[in-house]
>>> print(open('final06.cif').read())   # mmCIF, C-alpha atoms
data_coords
#
loop_
_atom_site.label_atom_id
_atom_site.label_comp_id
_atom_site.auth_asym_id
_atom_site.auth_seq_id
_atom_site.Cartn_x
_atom_site.Cartn_y
_atom_site.Cartn_z
CA MET A 1331 3.64 213.03 130.16
CA GLY A 1332 2.71 210.78 127.24
CA THR A 1333 5.07 208.59 125.27
CA THR A 1334 5.91 210.09 121.90
CA ASP A 1335 6.15 208.14 118.63
CA SER A 1336 9.90 208.60 118.64
CA ASP A 1337 10.12 207.14 122.17
CA ILE A 1338 8.03 204.13 121.17
CA VAL A 1339 10.16 203.58 118.06
CA PHE A 1340 13.43 204.02 119.95
CA GLN A 1341 12.37 201.42 122.51
CA SER A 1342 11.05 199.03 119.85
CA TYR A 1343 14.27 199.21 117.85
CA GLY A 1344 16.24 198.70 121.05
CA ARG A 1345 14.42 195.41 121.59
CA CYS A 1346 15.45 194.21 118.10
CA CYS A 1347 18.75 195.73 116.99
CA ASN A 1348 21.08 193.60 119.11
CA ASN A 1349 19.85 190.44 117.44
CA GLU A 1350 21.68 189.80 114.15
CA GLN A 1351 18.83 187.53 113.04
CA PHE A 1352 16.58 190.61 112.91
CA PHE A 1353 18.67 191.99 110.05
CA VAL A 1354 18.96 188.60 108.32
CA ASP A 1355 15.18 188.22 108.43
CA PHE A 1356 14.70 191.78 107.16
CA TYR A 1357 16.82 191.12 104.07
CA ASP A 1358 15.12 187.77 103.45
CA ARG A 1359 11.80 189.64 103.38
CA PHE A 1360 13.03 192.64 101.43
CA MET A 1361 14.83 190.62 98.78
CA GLY A 1362 11.85 188.28 98.57
CA SER A 1363 9.56 191.19 97.73
CA SER A 1364 10.90 191.74 94.19
CA ASP A 1365 13.23 190.13 91.67
CA GLU A 1366 14.60 193.60 90.93
CA ILE A 1367 15.46 194.15 94.57
CA ARG A 1368 17.01 190.69 94.90
CA ALA A 1369 19.20 191.49 91.88
CA LEU A 1370 20.56 194.60 93.61
CA PHE A 1371 22.22 192.43 96.25
CA VAL A 1372 23.71 189.69 94.06
CA ASP A 1373 27.35 190.62 94.68
CA THR A 1374 26.84 192.26 98.07
CA ASP A 1375 28.72 191.44 101.27
CA MET A 1376 25.57 190.87 103.31
CA LYS A 1377 27.33 191.06 106.67
CA GLN A 1378 28.49 194.58 105.78
CA GLN A 1379 25.08 195.40 104.33
CA ARG A 1380 23.37 194.37 107.57
CA HIS A 1381 25.74 196.68 109.46
CA LEU A 1382 24.78 199.54 107.11
CA LEU A 1383 21.10 198.75 107.61
CA ARG A 1384 21.52 198.80 111.40
CA ASN A 1385 23.01 202.29 111.13
CA GLY A 1386 20.48 203.50 108.54
CA ILE A 1387 17.50 202.54 110.67
CA MET A 1388 19.14 204.24 113.66
CA GLN A 1389 19.58 207.40 111.59
CA LEU A 1390 15.85 207.36 110.79
CA VAL A 1391 15.05 206.88 114.48
CA LEU A 1392 17.42 209.65 115.56
CA HIS A 1393 15.98 212.00 112.93
CA ALA A 1394 12.53 211.30 114.37
CA ARG A 1395 13.96 212.27 117.77
CA GLY A 1396 15.13 215.63 116.44
CA MET A 1397 18.63 214.97 115.11
CA SER A 1398 19.84 216.83 112.04
CA ASP A 1399 18.92 215.43 108.63
CA THR A 1400 22.52 215.61 107.35
CA LYS A 1401 23.09 211.83 107.36
CA LEU A 1402 19.71 211.12 105.80
CA ARG A 1403 20.44 213.63 103.02
CA ALA A 1404 23.73 211.81 102.40
CA LEU A 1405 21.82 208.51 102.25
CA GLY A 1406 19.42 210.11 99.78
CA GLN A 1407 22.30 211.13 97.54
CA SER A 1408 23.98 207.72 97.69
CA HIS A 1409 20.69 205.96 96.93
CA SER A 1410 19.58 208.37 94.17
CA ARG A 1411 19.57 207.70 90.43
CA ASN A 1412 23.18 208.93 90.39
CA GLY A 1413 24.16 206.45 93.10
CA TYR A 1414 22.66 203.03 93.82
CA ASN A 1415 19.56 203.93 91.77
CA ILE A 1416 17.10 202.85 94.44
CA ARG A 1417 13.77 203.60 92.81
CA PRO A 1418 11.22 205.62 94.80
CA GLN A 1419 8.57 202.86 94.67
CA TRP A 1420 10.92 200.43 96.45
CA TYR A 1421 10.78 202.38 99.70
CA ARG A 1422 7.26 201.09 100.35
CA LEU A 1423 8.58 197.53 100.03
CA TRP A 1424 11.47 198.43 102.35
CA LEU A 1425 9.08 199.81 104.97
CA ASP A 1426 6.78 196.79 104.67
CA ALA A 1427 9.76 194.45 105.18
CA LEU A 1428 10.90 196.47 108.18
CA LEU A 1429 7.48 196.49 109.85
CA ASN A 1430 6.94 192.78 109.27
CA THR A 1431 10.38 192.00 110.69
CA LEU A 1432 9.69 194.21 113.71
CA ARG A 1433 6.39 192.37 114.17
CA GLN A 1434 8.31 189.09 114.24
CA HIS A 1435 11.12 190.19 116.58
CA ASP A 1436 9.69 192.84 118.92
CA ARG A 1437 7.83 191.00 121.67
CA GLU A 1438 5.88 194.22 122.44
CA PHE A 1439 4.89 194.99 118.84
CA SER A 1440 1.28 196.08 118.41
CA ASP A 1441 -0.87 198.14 116.07
CA GLU A 1442 0.04 201.18 118.17
CA VAL A 1443 3.77 200.45 117.80
CA GLU A 1444 3.37 199.96 114.05
CA SER A 1445 1.54 203.28 113.71
CA ALA A 1446 4.26 205.00 115.74
CA TRP A 1447 6.94 203.57 113.44
CA ARG A 1448 5.07 204.76 110.36
CA ARG A 1449 4.56 208.27 111.69
CA ALA A 1450 8.06 208.60 113.13
CA ILE A 1451 10.19 207.44 110.21
CA GLN A 1452 8.06 208.40 107.20
CA PRO A 1453 9.49 211.94 107.05
CA GLY A 1454 13.04 210.54 106.97
CA ILE A 1455 12.15 207.97 104.33
CA GLU A 1456 10.57 210.70 102.21
CA LEU A 1457 13.70 212.82 102.57
CA ILE A 1458 15.84 209.93 101.27
CA ARG A 1459 13.36 208.96 98.54
CA ASP A 1460 12.88 212.52 97.33
CA ALA A 1461 16.61 212.83 96.58
CA TYR A 1462 16.07 210.42 93.68
#
>>> encode(input="final06.cif", output="structure tokens")
Amino acid sequence: MGTTDSDIVFQSYGRCCNNEQFFVDFYDRFMGSSDEIRALFVDTDMKQQRHLLRNGIMQLVLHARGMSDTKLRALGQSHSRNGYNIRPQWYRLWLDALLNTLRQHDREFSDEVESAWRRAIQPGIELIRDAY
């Protein structure tokens, strides 16, 4: 039996998510990608934000493994124009920051792992983004 994308992603995230520096490095990259994005986090409790990110990534992973999309739909609503106003074009920057941070922290990261991440979580990201 072959390893599925969701298995690869689940294992990759498991190698990273217990290291708080992973989330610090993600936000350094993400906020460094745009002045507009950096401005979104000016008055943010970053420790709490990193906790939310940890959970949000896990929800994307679990969705890829077949879990209901209920939590991702709720994220889509909270991040829509009527919520945090996270613009659709920023999700590409978010994904780029995530993949680059995974590349830094996951000792088994490879082109195959990156492709698995892209295929596995893109449907969940689109679900969140499309709620805009």
>>> atom_distance(input="final06.cif", atom1="atom CA of Asp1365 of chain A", atom2="atom CA of Ser1408 of chain A")
21.5 Å
>>> resolve_selection(input="final06.cif", expression="the PyMOL selection byres ((chain A and resi 1430) around 12)", output="MDAnalysis selection string")
chainID A and resid 1352:1353 1355:1360 1363 1423:1429 1431:1436 1439:1441 1443:1444 1447
>>> resolve_selection(input="final06.cif", expression="the PyMOL selection byres ((chain A and resi 1392-1399) around 9)", output="number ranges by chain")
A: 1335-1337, 1339-1340, 1387-1391, 1400-1404, 1449-1454, 1457
>>> closest_residue(input="final06.cif", among="A:Thr1333, A:Ile1338, A:Trp1420, A:Ala1446", to="Met1361 of chain A", atoms="only C-alpha atoms")
A:Trp1420
>>> atom_distance(input="final06.cif", atom1="atom CA of Cys1347 of chain A", atom2="atom CA of Arg1384 of chain A")
7.0 Å
>>> atom_distance(input="final06.cif", atom1="atom CA of Asn1348 of chain A", atom2="atom CA of Gln1378 of chain A")
15.3 Å
>>> resolve_selection(input="final06.cif", expression="the PyMOL selection byres ((chain A and resi 1461) around 7)", output="number ranges by chain")
A: 1406-1407, 1410, 1457-1460, 1462
>>> axis_aligned_box(input="final06.cif", around="segment 1407-1414 of chain A", padding_each_side="6 Å", output="AutoDock Vina command-line options")
--center_x 21.9 --center_y 207.1 --center_z 94.0 --size_x 16.6 --size_y 20.1 --size_z 19.3
